[in-house]
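Encoded as structure tokens, the structure appears first; notes follow it.
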Amino acid sequence: MIPAHGGRLVNRMADGTQRDELLAAAKSAPRLTLNAREGADLEMIGVGAMSPLKGFMNRADLDSVVHKCRLANGVVWPLAVTLSNKGVDCKTGNTLALEDEGGNLLGVIEVEEVYSYDKDEEAQGTLGTADDAHPGVQYLKSIGDQYIAGPIWVLDLPKHDFANERRLTPRETRVLFDMKGWNSIVAFQTRNPIHRAHEYLTKCALEIVDGLLIHPLVGETKSDDIPAKVRMDCYHALLADYYPKDRAVLAVYPQAMRYAGPREAMFHALLRQNYGCTHFIVGRDHAGVGDYYSTYEAQDFLKQYASEIDIEPLYFEHAFWDKKAGAMASSKTGAATEKEDKIFLSGTKVREMLRAGERPPVEFTRPEVADILIESMASKAAV
Amino acid sequence: MNAKVTVKIPRPLYERIQEVITDSGFNSPTDFIVFVLRDLVGDRALEKDKPEDGIKPAYSNEELAEVRRKLENLGYL
């Protein structure tokens, strides 16, 4: 089985007497509230999805990530994983109790460093822009100026109100792949419903590997993205009728979106390696937003690091329904060369149709998926 | 039963730790030593229960049965 990134699958879930001791220590420790992204990061670190990270980044790691796309020890790592202070008076050596926004205790951090970092520098290095209109920049500007670094221990994972049975940890997905006898597994990251173009990519990939992990991101996304709960219904509908039951599995990826384009594509790939996947689908404008990144920038970025990462990215071009061939295709496989011979709808057009209660063409999306989205939009409009 | 025990360490090391923790958040060399050891022992304990390659997850039979049940309930096994 593929090794975890950095060589070892981290486990920061406290149990047994250690958990008892930490619970006791947390009772008298100052409490720091995590925002939604930080709570998701804590969950990901705890279960080992962010291996080799054992906690929130210190200045040396953050600085190295920003400028070199590596941790301070040289391991490739593309994005910041930081914890913002919210007015807690603390210094090196302190233990802080970490809680969610509802006041539920999640874990502890052993404070290694308290520091500040230039937000524009961080944004430029990791997001490729310091433009205030970028959602990742907006996030950075919305949090405090001080970061708290150090190893964490998770006492209880954040509570969620959906898909709890599909929150498989990297250890669990590795058991799953092992038990199914899969040696090669392709992961498909998505924050959207799966339309025909996405379905095509996953099935092309499935032709060359043993199994497919559909791994939708269900952490925080932009308010105009389709809610994760609705998307889950779409994935279930699709898997029920359109995928081989013994070769495709659905689990969720709890992380929040950063919208960091190329660097986030690498992040998504490395973390899927930690889940035991050997291949990772990278389509057009992966993890992009607006026009901050070019169509295949994420693919070009990943290719630069090909010799340093174990998981193998599978690069796909823009897919569409090819009227001439009567099949899904891409510019690499299709016969259609003229725009009128291709069925592909913009996101704006699809949203307009769905809001009007109109199914997009079956060549664009499966009717079952369209119906779920129409119903969701109708319910939202009725509120 | 007392929940704490006494461990003896070389005095020069103790004095060095006293210097290191000056102006830090550690209240005493004991706090610092517990901090370091907890991290070290916690990690080692996890390493010990994993196979040498650290690639396949290690579970006790009970844990494995629980994971298996979870995966069966999803219809995956």
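Labels for the structure tokens follow display order: chains A, B, ..., residues from 1 in each chain, ligands from 1.
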Polymer residues at most 10 Å from region 65-72 of chain B, only C-alpha atoms, same-chain spacing of 4 or more positions, as a PyMOL selection string
(chain A and resi 165-166+168+171-173+175-176+179) or (chain B and resi 59-61+76-77)
Residue hits in chain A, query chain B, radius 6 Å, only C-alpha atoms, as a PyMOL selection string:
chain A and resi 3+8+91-94+171
For N, CA, C and O atoms, I'd like the residues from the last selection saved as a PDB file, in the first residue's frame.
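Okay, again_33.pdb is ready:
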ATOM      1  N   PRO A   3       2.655   4.597   0.902  1.00  0.00           N
ATOM      2  CA  PRO A   3       2.928   5.185   2.220  1.00  0.00           C
ATOM      3  C   PRO A   3       2.220   6.528   2.377  1.00  0.00           C
ATOM      4  O   PRO A   3       1.845   7.161   1.386  1.00  0.00           O
ATOM      5  N   ARG A   8       4.911   8.341   7.296  1.00  0.00           N
ATOM      6  CA  ARG A   8       4.206   7.672   8.388  1.00  0.00           C
ATOM      7  C   ARG A   8       2.831   8.305   8.581  1.00  0.00           C
ATOM      8  O   ARG A   8       2.703   9.531   8.584  1.00  0.00           O
ATOM      9  N   LYS A  91       1.552  31.714  25.971  1.00  0.00           N
ATOM     10  CA  LYS A  91       2.923  31.711  25.466  1.00  0.00           C
ATOM     11  C   LYS A  91       3.443  30.284  25.425  1.00  0.00           C
ATOM     12  O   LYS A  91       2.755  29.343  25.862  1.00  0.00           O
ATOM     13  N   THR A  92       4.641  30.146  24.896  1.00  0.00           N
ATOM     14  CA  THR A  92       5.243  28.830  24.718  1.00  0.00           C
ATOM     15  C   THR A  92       5.179  28.017  26.006  1.00  0.00           C
ATOM     16  O   THR A  92       5.517  28.521  27.087  1.00  0.00           O
ATOM     17  N   GLY A  93       4.755  26.780  25.866  1.00  0.00           N
ATOM     18  CA  GLY A  93       4.695  25.897  27.021  1.00  0.00           C
ATOM     19  C   GLY A  93       3.309  25.766  27.619  1.00  0.00           C
ATOM     20  O   GLY A  93       3.025  24.812  28.334  1.00  0.00           O
ATOM     21  N   ASN A  94       2.444  26.726  27.300  1.00  0.00           N
ATOM     22  CA  ASN A  94       1.059  26.632  27.799  1.00  0.00           C
ATOM     23  C   ASN A  94       0.308  25.505  27.096  1.00  0.00           C
ATOM     24  O   ASN A  94       0.647  25.136  25.965  1.00  0.00           O
ATOM     25  N   ARG A 171      -7.097   5.698   8.128  1.00  0.00           N
ATOM     26  CA  ARG A 171      -6.862   4.321   8.582  1.00  0.00           C
ATOM     27  C   ARG A 171      -7.997   3.422   8.089  1.00  0.00           C
ATOM     28  O   ARG A 171      -7.782   2.290   7.673  1.00  0.00           O
TER      29      ARG A 171
END
Find the distance between CA of Val218 (chain A) and CA of Val111 (chain A) and write it in Å to one decimal.
28.8 Å
Region 5-45 of chain B: residues DSSP assigns to helix (DSSP H, G or I), reported as a PyMOL selection string
chain B and resi 11-20+29-45
Write out as a VMD selection string the residues lying within 12 Å of Leu213 (chain A), counting only C-alpha atoms and excluding same-chain residues fewer than 5 positions away.
(chain A and resid 166 168 173 to 174 176 to 177 182 184 to 190 202 to 203 205 to 206 235 239 243 245 to 253 272 to 273 275 to 281) or (chain B and resid 76)
Could you please take those selected residues and save N, CA and C atoms as a short mmCIF file (atom, residue, chain, number, x, y, z; two decimals), in the first residue's frame?
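Output (part32.cif):
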data_model
loop_
_atom_site.label_atom_id
_atom_site.label_comp_id
_atom_site.auth_asym_id
_atom_site.auth_seq_id
_atom_site.Cartn_x
_atom_site.Cartn_y
_atom_site.Cartn_z
N ARG A 166 -20.15 8.07 6.70
CA ARG A 166 -19.20 8.09 5.58
C ARG A 166 -17.98 8.94 5.88
N LEU A 168 -15.02 8.35 6.78
CA LEU A 168 -13.99 7.34 6.97
C LEU A 168 -12.63 8.02 7.15
N THR A 173 -10.06 3.96 5.42
CA THR A 173 -10.06 3.74 3.97
C THR A 173 -8.95 2.77 3.59
N ARG A 174 -7.84 2.81 4.31
CA ARG A 174 -6.75 1.87 4.02
C ARG A 174 -7.18 0.43 4.33
N LEU A 176 -10.29 -0.55 4.17
CA LEU A 176 -11.25 -0.84 3.10
C LEU A 176 -10.54 -1.30 1.83
N PHE A 177 -9.55 -0.55 1.40
CA PHE A 177 -8.85 -0.89 0.15
C PHE A 177 -8.14 -2.24 0.29
N TRP A 182 -7.75 -4.00 -3.42
CA TRP A 182 -7.39 -2.99 -4.41
C TRP A 182 -5.95 -2.55 -4.19
N SER A 184 -4.55 -0.35 -6.63
CA SER A 184 -4.52 1.00 -7.19
C SER A 184 -5.92 1.61 -7.04
N ILE A 185 -5.91 2.81 -6.49
CA ILE A 185 -7.19 3.48 -6.19
C ILE A 185 -7.10 4.92 -6.67
N VAL A 186 -8.08 5.35 -7.42
CA VAL A 186 -8.10 6.75 -7.85
C VAL A 186 -9.10 7.52 -7.00
N ALA A 187 -8.67 8.70 -6.55
CA ALA A 187 -9.56 9.57 -5.77
C ALA A 187 -10.11 10.66 -6.66
N PHE A 188 -11.40 10.96 -6.45
CA PHE A 188 -12.01 12.07 -7.16
C PHE A 188 -12.48 13.09 -6.14
N GLN A 189 -11.82 14.24 -6.14
CA GLN A 189 -12.20 15.35 -5.27
C GLN A 189 -13.25 16.19 -5.97
N THR A 190 -14.29 16.56 -5.26
CA THR A 190 -15.26 17.48 -5.87
C THR A 190 -15.96 18.32 -4.82
N THR A 202 -14.11 10.14 -14.13
CA THR A 202 -13.95 9.07 -13.13
C THR A 202 -13.96 7.70 -13.80
N LYS A 203 -14.77 7.56 -14.84
CA LYS A 203 -14.84 6.25 -15.50
C LYS A 203 -13.63 5.99 -16.39
N ALA A 205 -10.72 7.03 -15.59
CA ALA A 205 -9.70 6.66 -14.59
C ALA A 205 -9.92 5.23 -14.10
N LEU A 206 -11.19 4.89 -13.93
CA LEU A 206 -11.51 3.55 -13.40
C LEU A 206 -11.10 2.45 -14.38
N TYR A 235 -24.77 12.31 -5.16
CA TYR A 235 -23.76 11.24 -5.30
C TYR A 235 -24.40 9.86 -5.07
N LEU A 239 -24.39 6.92 -7.80
CA LEU A 239 -23.73 5.64 -7.52
C LEU A 239 -24.72 4.47 -7.60
N TYR A 243 -22.72 3.47 -11.57
CA TYR A 243 -21.34 3.03 -11.31
C TYR A 243 -21.34 1.55 -10.92
N LYS A 245 -21.03 -1.35 -8.61
CA LYS A 245 -21.18 -1.32 -7.15
C LYS A 245 -19.95 -1.83 -6.41
N ASP A 246 -19.21 -2.72 -7.04
CA ASP A 246 -18.07 -3.30 -6.33
C ASP A 246 -16.76 -2.57 -6.60
N ARG A 247 -16.80 -1.51 -7.38
CA ARG A 247 -15.53 -0.84 -7.70
C ARG A 247 -15.54 0.66 -7.42
N ALA A 248 -16.62 1.16 -6.87
CA ALA A 248 -16.68 2.59 -6.56
C ALA A 248 -17.23 2.77 -5.14
N VAL A 249 -16.55 3.57 -4.35
CA VAL A 249 -17.00 3.82 -2.98
C VAL A 249 -17.10 5.33 -2.73
N LEU A 250 -17.96 5.67 -1.80
CA LEU A 250 -18.19 7.09 -1.47
C LEU A 250 -17.88 7.32 0.00
N ALA A 251 -16.95 8.24 0.25
CA ALA A 251 -16.68 8.68 1.62
C ALA A 251 -16.49 10.19 1.55
N VAL A 252 -16.55 10.86 2.69
CA VAL A 252 -16.46 12.32 2.63
C VAL A 252 -15.11 12.82 3.15
N TYR A 253 -14.78 14.00 2.68
CA TYR A 253 -13.50 14.65 2.97
C TYR A 253 -13.84 15.91 3.77
N ARG A 272 -5.12 12.84 -0.27
CA ARG A 272 -5.74 11.58 -0.71
C ARG A 272 -4.72 10.44 -0.67
N GLN A 273 -3.46 10.77 -0.85
CA GLN A 273 -2.43 9.74 -0.66
C GLN A 273 -2.49 9.22 0.79
N TYR A 275 -5.01 8.96 2.54
CA TYR A 275 -6.18 8.06 2.63
C TYR A 275 -5.91 6.72 1.94
N GLY A 276 -4.74 6.59 1.32
CA GLY A 276 -4.37 5.31 0.71
C GLY A 276 -4.57 5.26 -0.79
N CYS A 277 -4.89 6.41 -1.40
CA CYS A 277 -5.11 6.42 -2.85
C CYS A 277 -3.79 6.53 -3.59
N THR A 278 -3.74 5.90 -4.75
CA THR A 278 -2.51 5.90 -5.55
C THR A 278 -2.59 6.87 -6.73
N HIS A 279 -3.80 7.24 -7.10
CA HIS A 279 -4.00 8.13 -8.24
C HIS A 279 -5.00 9.23 -7.86
N PHE A 280 -4.90 10.34 -8.55
CA PHE A 280 -5.76 11.48 -8.21
C PHE A 280 -6.13 12.23 -9.49
N ILE A 281 -7.42 12.48 -9.64
CA ILE A 281 -7.91 13.15 -10.85
C ILE A 281 -7.76 14.67 -10.73
N TYR B 76 -19.89 -2.00 1.59
CA TYR B 76 -18.63 -2.05 0.85
C TYR B 76 -17.88 -3.37 0.99
#
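CA of Gly219 (chain A) is found 22.1 Å from CA of Pro151 (chain A).
The list of residues with at least one atom within 12 Å of Lys159 (chain A), based on only C-alpha atoms and without residues fewer than 6 positions apart in the same chain, reads Ala36, Gly39, Ala40, Glu43, Glu99, Asp100, Glu101, Gly102, Gly103, Asn104, Leu105, Leu106, Arg167 and Pro254 of chain A.
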Output of the above residues as a PDB file, in the first residue's frame, restricted to N, CA and C atoms:
ATOM      1  N   ALA A  36     -14.735  27.413  11.717  1.00  0.00           N
ATOM      2  CA  ALA A  36     -15.106  26.183  10.992  1.00  0.00           C
ATOM      3  C   ALA A  36     -13.914  25.565  10.269  1.00  0.00           C
ATOM      4  N   GLY A  39     -11.559  24.002  12.802  1.00  0.00           N
ATOM      5  CA  GLY A  39     -12.131  22.772  13.344  1.00  0.00           C
ATOM      6  C   GLY A  39     -11.951  21.611  12.368  1.00  0.00           C
ATOM      7  N   ALA A  40     -12.141  21.915  11.075  1.00  0.00           N
ATOM      8  CA  ALA A  40     -11.947  20.879  10.054  1.00  0.00           C
ATOM      9  C   ALA A  40     -10.477  20.469   9.994  1.00  0.00           C
ATOM     10  N   GLU A  43      -9.658  18.174  12.802  1.00  0.00           N
ATOM     11  CA  GLU A  43     -10.150  16.824  12.508  1.00  0.00           C
ATOM     12  C   GLU A  43      -9.197  16.104  11.556  1.00  0.00           C
ATOM     13  N   GLU A  99     -11.920  24.370  21.451  1.00  0.00           N
ATOM     14  CA  GLU A  99     -13.358  24.081  21.414  1.00  0.00           C
ATOM     15  C   GLU A  99     -13.944  24.573  20.099  1.00  0.00           C
ATOM     16  N   ASP A 100     -15.107  24.002  19.730  1.00  0.00           N
ATOM     17  CA  ASP A 100     -15.764  24.493  18.521  1.00  0.00           C
ATOM     18  C   ASP A 100     -16.620  25.714  18.863  1.00  0.00           C
ATOM     19  N   GLU A 101     -17.289  26.256  17.850  1.00  0.00           N
ATOM     20  CA  GLU A 101     -18.043  27.488  18.073  1.00  0.00           C
ATOM     21  C   GLU A 101     -19.251  27.280  18.968  1.00  0.00           C
ATOM     22  N   GLY A 102     -19.609  26.014  19.206  1.00  0.00           N
ATOM     23  CA  GLY A 102     -20.693  25.712  20.137  1.00  0.00           C
ATOM     24  C   GLY A 102     -20.189  25.447  21.545  1.00  0.00           C
ATOM     25  N   GLY A 103     -18.881  25.608  21.759  1.00  0.00           N
ATOM     26  CA  GLY A 103     -18.323  25.414  23.092  1.00  0.00           C
ATOM     27  C   GLY A 103     -17.989  23.961  23.416  1.00  0.00           C
ATOM     28  N   ASN A 104     -18.070  23.079  22.440  1.00  0.00           N
ATOM     29  CA  ASN A 104     -17.731  21.670  22.685  1.00  0.00           C
ATOM     30  C   ASN A 104     -16.216  21.480  22.642  1.00  0.00           C
ATOM     31  N   LEU A 105     -15.697  20.803  23.645  1.00  0.00           N
ATOM     32  CA  LEU A 105     -14.257  20.558  23.710  1.00  0.00           C
ATOM     33  C   LEU A 105     -13.850  19.583  22.604  1.00  0.00           C
ATOM     34  N   LEU A 106     -12.833  19.967  21.843  1.00  0.00           N
ATOM     35  CA  LEU A 106     -12.369  19.116  20.745  1.00  0.00           C
ATOM     36  C   LEU A 106     -10.995  18.507  21.027  1.00  0.00           C
ATOM     37  N   ARG A 167     -17.788   9.293   7.126  1.00  0.00           N
ATOM     38  CA  ARG A 167     -16.576  10.021   7.503  1.00  0.00           C
ATOM     39  C   ARG A 167     -15.474   9.016   7.816  1.00  0.00           C
ATOM     40  N   PRO A 254     -13.532  15.945   5.037  1.00  0.00           N
ATOM     41  CA  PRO A 254     -14.101  16.992   5.903  1.00  0.00           C
ATOM     42  C   PRO A 254     -13.508  18.396   5.756  1.00  0.00           C
TER      43      PRO A 254
END
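For Gln138 (chain A), the non-local neighbours within 12 Å, defined as residues at least 5 positions apart in the same chain or in other chains and counting only C-alpha atoms, are Lys119, Asp120, Ala123, Leu127, Thr129, Ala130, Asp131, Asp132, Ala133, Ile143, Lys222, Arg258 and Tyr259 of chain A.
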Just to be explicit: take each residue in the selection above, keep all heavy atoms, and write the result as an mmCIF file, in the first residue's frame.
data_model
loop_
_atom_site.group_PDB
_atom_site.id
_atom_site.type_symbol
_atom_site.label_atom_id
_atom_site.label_comp_id
_atom_site.auth_asym_id
_atom_site.auth_seq_id
_atom_site.Cartn_x
_atom_site.Cartn_y
_atom_site.Cartn_z
ATOM 1 N N LYS A 119 0.029 38.983 6.321
ATOM 2 C CA LYS A 119 -1.076 38.314 5.627
ATOM 3 C C LYS A 119 -0.939 38.406 4.099
ATOM 4 O O LYS A 119 -1.259 37.453 3.390
ATOM 5 C CB LYS A 119 -2.420 38.926 6.049
ATOM 6 C CG LYS A 119 -2.758 38.702 7.531
ATOM 7 C CD LYS A 119 -3.165 37.278 7.788
ATOM 8 C CE LYS A 119 -3.447 37.001 9.236
ATOM 9 N NZ LYS A 119 -4.543 37.793 9.805
ATOM 10 N N ASP A 120 -0.481 39.571 3.623
ATOM 11 C CA ASP A 120 -0.321 39.711 2.173
ATOM 12 C C ASP A 120 0.747 38.755 1.648
ATOM 13 O O ASP A 120 0.600 38.157 0.579
ATOM 14 C CB ASP A 120 0.046 41.156 1.809
ATOM 15 C CG ASP A 120 -1.149 42.091 1.920
ATOM 16 O OD1 ASP A 120 -2.291 41.591 1.875
ATOM 17 O OD2 ASP A 120 -0.943 43.309 2.067
ATOM 18 N N ALA A 123 -0.746 35.297 1.665
ATOM 19 C CA ALA A 123 -1.726 35.143 0.579
ATOM 20 C C ALA A 123 -1.031 35.046 -0.772
ATOM 21 O O ALA A 123 -1.342 34.165 -1.583
ATOM 22 C CB ALA A 123 -2.691 36.326 0.591
ATOM 23 N N LEU A 127 -1.793 31.577 -2.207
ATOM 24 C CA LEU A 127 -2.958 31.708 -3.087
ATOM 25 C C LEU A 127 -2.587 32.306 -4.441
ATOM 26 O O LEU A 127 -3.392 32.266 -5.371
ATOM 27 C CB LEU A 127 -4.017 32.604 -2.428
ATOM 28 C CG LEU A 127 -4.481 32.184 -1.021
ATOM 29 C CD1 LEU A 127 -5.338 33.270 -0.394
ATOM 30 C CD2 LEU A 127 -5.246 30.874 -1.084
ATOM 31 N N THR A 129 -2.229 35.414 -4.964
ATOM 32 C CA THR A 129 -2.815 36.744 -5.058
ATOM 33 C C THR A 129 -3.055 37.295 -3.649
ATOM 34 O O THR A 129 -3.239 36.518 -2.715
ATOM 35 C CB THR A 129 -4.165 36.712 -5.809
ATOM 36 O OG1 THR A 129 -4.721 38.035 -5.827
ATOM 37 C CG2 THR A 129 -5.172 35.791 -5.138
ATOM 38 N N ALA A 130 -3.030 38.608 -3.556
ATOM 39 C CA ALA A 130 -3.409 39.253 -2.295
ATOM 40 C C ALA A 130 -4.662 40.108 -2.511
ATOM 41 O O ALA A 130 -4.987 40.979 -1.704
ATOM 42 C CB ALA A 130 -2.258 40.111 -1.770
ATOM 43 N N ASP A 131 -5.364 39.817 -3.594
ATOM 44 C CA ASP A 131 -6.572 40.566 -3.947
ATOM 45 C C ASP A 131 -7.670 40.301 -2.911
ATOM 46 O O ASP A 131 -8.030 39.145 -2.658
ATOM 47 C CB ASP A 131 -7.026 40.116 -5.337
ATOM 48 C CG ASP A 131 -8.243 40.884 -5.836
ATOM 49 O OD1 ASP A 131 -8.797 41.702 -5.060
ATOM 50 O OD2 ASP A 131 -8.649 40.660 -6.987
ATOM 51 N N ASP A 132 -8.205 41.363 -2.371
ATOM 52 C CA ASP A 132 -9.226 41.228 -1.321
ATOM 53 C C ASP A 132 -10.504 40.525 -1.788
ATOM 54 O O ASP A 132 -11.302 40.076 -0.965
ATOM 55 C CB ASP A 132 -9.610 42.614 -0.774
ATOM 56 C CG ASP A 132 -8.502 43.185 0.092
ATOM 57 O OD1 ASP A 132 -7.666 42.397 0.576
ATOM 58 O OD2 ASP A 132 -8.465 44.418 0.272
ATOM 59 N N ALA A 133 -10.701 40.430 -3.107
ATOM 60 C CA ALA A 133 -11.913 39.777 -3.600
ATOM 61 C C ALA A 133 -11.777 38.244 -3.594
ATOM 62 O O ALA A 133 -12.780 37.538 -3.744
ATOM 63 C CB ALA A 133 -12.219 40.253 -5.019
ATOM 64 N N ILE A 143 -9.376 36.841 10.089
ATOM 65 C CA ILE A 143 -8.948 36.205 11.345
ATOM 66 C C ILE A 143 -7.927 37.083 12.049
ATOM 67 O O ILE A 143 -7.463 38.080 11.494
ATOM 68 C CB ILE A 143 -8.366 34.791 11.088
ATOM 69 C CG1 ILE A 143 -7.193 34.864 10.114
ATOM 70 C CG2 ILE A 143 -9.450 33.863 10.574
ATOM 71 C CD1 ILE A 143 -6.487 33.536 9.909
ATOM 72 N N LYS A 222 -17.891 28.283 -0.306
ATOM 73 C CA LYS A 222 -18.531 29.584 -0.531
ATOM 74 C C LYS A 222 -20.046 29.421 -0.437
ATOM 75 O O LYS A 222 -20.588 28.361 -0.742
ATOM 76 C CB LYS A 222 -18.197 30.119 -1.934
ATOM 77 C CG LYS A 222 -16.744 30.504 -2.105
ATOM 78 C CD LYS A 222 -16.539 31.248 -3.416
ATOM 79 C CE LYS A 222 -16.566 30.354 -4.619
ATOM 80 N NZ LYS A 222 -17.773 30.229 -5.356
ATOM 81 N N ARG A 258 -10.093 26.097 0.291
ATOM 82 C CA ARG A 258 -9.225 27.289 0.343
ATOM 83 C C ARG A 258 -9.327 28.094 -0.955
ATOM 84 O O ARG A 258 -8.885 29.224 -0.997
ATOM 85 C CB ARG A 258 -7.771 26.845 0.502
ATOM 86 C CG ARG A 258 -7.203 26.868 1.898
ATOM 87 C CD ARG A 258 -7.538 25.669 2.705
ATOM 88 N NE ARG A 258 -6.699 25.624 3.910
ATOM 89 C CZ ARG A 258 -6.913 24.847 4.952
ATOM 90 N NH1 ARG A 258 -7.960 24.040 4.958
ATOM 91 N NH2 ARG A 258 -6.120 24.857 5.985
ATOM 92 N N TYR A 259 -9.799 27.476 -2.031
ATOM 93 C CA TYR A 259 -9.861 28.100 -3.345
ATOM 94 C C TYR A 259 -8.472 28.570 -3.791
ATOM 95 O O TYR A 259 -8.309 29.650 -4.340
ATOM 96 C CB TYR A 259 -10.877 29.258 -3.366
ATOM 97 C CG TYR A 259 -12.262 28.790 -2.989
ATOM 98 C CD1 TYR A 259 -12.725 28.898 -1.677
ATOM 99 C CD2 TYR A 259 -13.081 28.183 -3.918
ATOM 100 C CE1 TYR A 259 -13.974 28.419 -1.311
ATOM 101 C CE2 TYR A 259 -14.341 27.715 -3.570
ATOM 102 C CZ TYR A 259 -14.776 27.839 -2.271
ATOM 103 O OH TYR A 259 -16.017 27.372 -1.922
#
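Here CA of Thr22 (chain B) and CA of Gly150 (chain A) stand 18.8 Å from one another.
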Find the residues near Phe56 (chain A): any atom within 10 Å, counting only C-alpha atoms, skip ones fewer than 4 places away on the same chain, and give them as an mmCIF file with N, CA, C and O atoms, in the first residue's frame.
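Saved result, around_32.cif, follows:
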data_model
loop_
_atom_site.group_PDB
_atom_site.id
_atom_site.type_symbol
_atom_site.label_atom_id
_atom_site.label_comp_id
_atom_site.auth_asym_id
_atom_site.auth_seq_id
_atom_site.Cartn_x
_atom_site.Cartn_y
_atom_site.Cartn_z
ATOM 1 N N GLU A 38 -10.703 25.900 10.977
ATOM 2 C CA GLU A 38 -9.732 25.366 11.941
ATOM 3 C C GLU A 38 -10.235 24.063 12.566
ATOM 4 O O GLU A 38 -9.453 23.145 12.822
ATOM 5 N N ASP A 41 -9.585 21.454 10.101
ATOM 6 C CA ASP A 41 -8.150 21.140 10.084
ATOM 7 C C ASP A 41 -7.768 20.268 11.273
ATOM 8 O O ASP A 41 -6.969 19.335 11.144
ATOM 9 N N LEU A 42 -8.328 20.599 12.433
ATOM 10 C CA LEU A 42 -8.057 19.783 13.623
ATOM 11 C C LEU A 42 -8.485 18.333 13.384
ATOM 12 O O LEU A 42 -7.755 17.389 13.704
ATOM 13 N N ILE A 45 -6.004 16.720 10.955
ATOM 14 C CA ILE A 45 -4.714 16.412 11.593
ATOM 15 C C ILE A 45 -4.881 15.213 12.520
ATOM 16 O O ILE A 45 -4.079 14.279 12.512
ATOM 17 N N ASP A 61 7.797 26.655 9.557
ATOM 18 C CA ASP A 61 7.068 25.859 8.562
ATOM 19 C C ASP A 61 6.244 26.758 7.640
ATOM 20 O O ASP A 61 6.240 26.582 6.424
ATOM 21 N N LEU A 62 5.533 27.710 8.246
ATOM 22 C CA LEU A 62 4.689 28.587 7.427
ATOM 23 C C LEU A 62 5.540 29.361 6.425
ATOM 24 O O LEU A 62 5.199 29.453 5.243
ATOM 25 N N ALA A 80 -0.842 26.652 3.934
ATOM 26 C CA ALA A 80 -0.749 26.976 5.355
ATOM 27 C C ALA A 80 -1.829 26.228 6.137
ATOM 28 O O ALA A 80 -2.963 26.118 5.681
ATOM 29 N N VAL A 81 -1.445 25.724 7.288
ATOM 30 C CA VAL A 81 -2.425 25.120 8.210
ATOM 31 C C VAL A 81 -2.152 25.778 9.560
ATOM 32 O O VAL A 81 -1.281 25.349 10.325
ATOM 33 N N THR A 82 -2.848 26.852 9.801
ATOM 34 C CA THR A 82 -2.539 27.688 10.956
ATOM 35 C C THR A 82 -3.756 27.831 11.877
ATOM 36 O O THR A 82 -4.890 27.618 11.459
ATOM 37 N N LEU A 83 -3.453 28.211 13.094
ATOM 38 C CA LEU A 83 -4.496 28.419 14.105
ATOM 39 C C LEU A 83 -4.408 29.867 14.568
ATOM 40 O O LEU A 83 -3.355 30.307 15.040
ATOM 41 N N SER A 84 -5.498 30.602 14.419
ATOM 42 C CA SER A 84 -5.471 32.022 14.783
ATOM 43 C C SER A 84 -5.853 32.211 16.251
ATOM 44 O O SER A 84 -6.740 31.512 16.767
ATOM 45 N N ILE A 109 -3.955 21.929 22.511
ATOM 46 C CA ILE A 109 -2.717 22.258 21.805
ATOM 47 C C ILE A 109 -1.660 22.567 22.850
ATOM 48 O O ILE A 109 -1.941 23.248 23.846
ATOM 49 N N VAL A 111 1.342 24.651 23.316
ATOM 50 C CA VAL A 111 1.811 25.830 22.571
ATOM 51 C C VAL A 111 3.327 25.808 22.414
ATOM 52 O O VAL A 111 4.070 25.792 23.398
ATOM 53 N N GLU A 112 3.738 25.815 21.161
ATOM 54 C CA GLU A 112 5.164 25.774 20.828
ATOM 55 C C GLU A 112 5.658 27.171 20.472
ATOM 56 O O GLU A 112 6.799 27.534 20.725
ATOM 57 N N GLU A 113 4.758 27.959 19.887
ATOM 58 C CA GLU A 113 5.148 29.298 19.438
ATOM 59 C C GLU A 113 3.903 30.156 19.239
ATOM 60 O O GLU A 113 2.863 29.649 18.815
ATOM 61 N N TYR A 147 -0.831 33.933 15.283
ATOM 62 C CA TYR A 147 -1.016 32.488 15.132
ATOM 63 C C TYR A 147 -0.461 31.760 16.355
ATOM 64 O O TYR A 147 0.540 32.192 16.949
ATOM 65 N N ILE A 148 -1.085 30.660 16.675
ATOM 66 C CA ILE A 148 -0.611 29.798 17.769
ATOM 67 C C ILE A 148 -0.197 28.467 17.140
ATOM 68 O O ILE A 148 -0.984 27.837 16.435
ATOM 69 N N ALA A 149 1.035 28.068 17.395
ATOM 70 C CA ALA A 149 1.548 26.837 16.786
ATOM 71 C C ALA A 149 1.824 25.783 17.844
ATOM 72 O O ALA A 149 2.102 26.106 18.998
ATOM 73 N N GLY A 150 1.737 24.542 17.427
ATOM 74 C CA GLY A 150 2.113 23.456 18.322
ATOM 75 C C GLY A 150 1.390 22.177 18.013
ATOM 76 O O GLY A 150 0.404 22.171 17.258
ATOM 77 N N PRO A 151 1.880 21.079 18.574
ATOM 78 C CA PRO A 151 1.212 19.789 18.363
ATOM 79 C C PRO A 151 -0.137 19.768 19.063
ATOM 80 O O PRO A 151 -0.329 20.405 20.099
ATOM 81 N N ILE A 152 -1.054 19.050 18.471
ATOM 82 C CA ILE A 152 -2.389 18.929 19.071
ATOM 83 C C ILE A 152 -2.662 17.474 19.437
ATOM 84 O O ILE A 152 -2.020 16.552 18.914
#
Can you tell me, as a ChimeraX atom specification, what residues are no more than 12 Å from Tyr293 (chain A) when counting only C-alpha atoms, ignoring any on the same chain fewer than 5 positions away?
/A:127-129,134,259-265,284-288,298-301
For the strand (DSSP E) assignment from backbone DSSP, which residues of region 12-197 of chain A qualify? Please present them as a ChimeraX atom specification.
/A:31-33,55-56,95-99,105-110,113-116,146-154,185-190
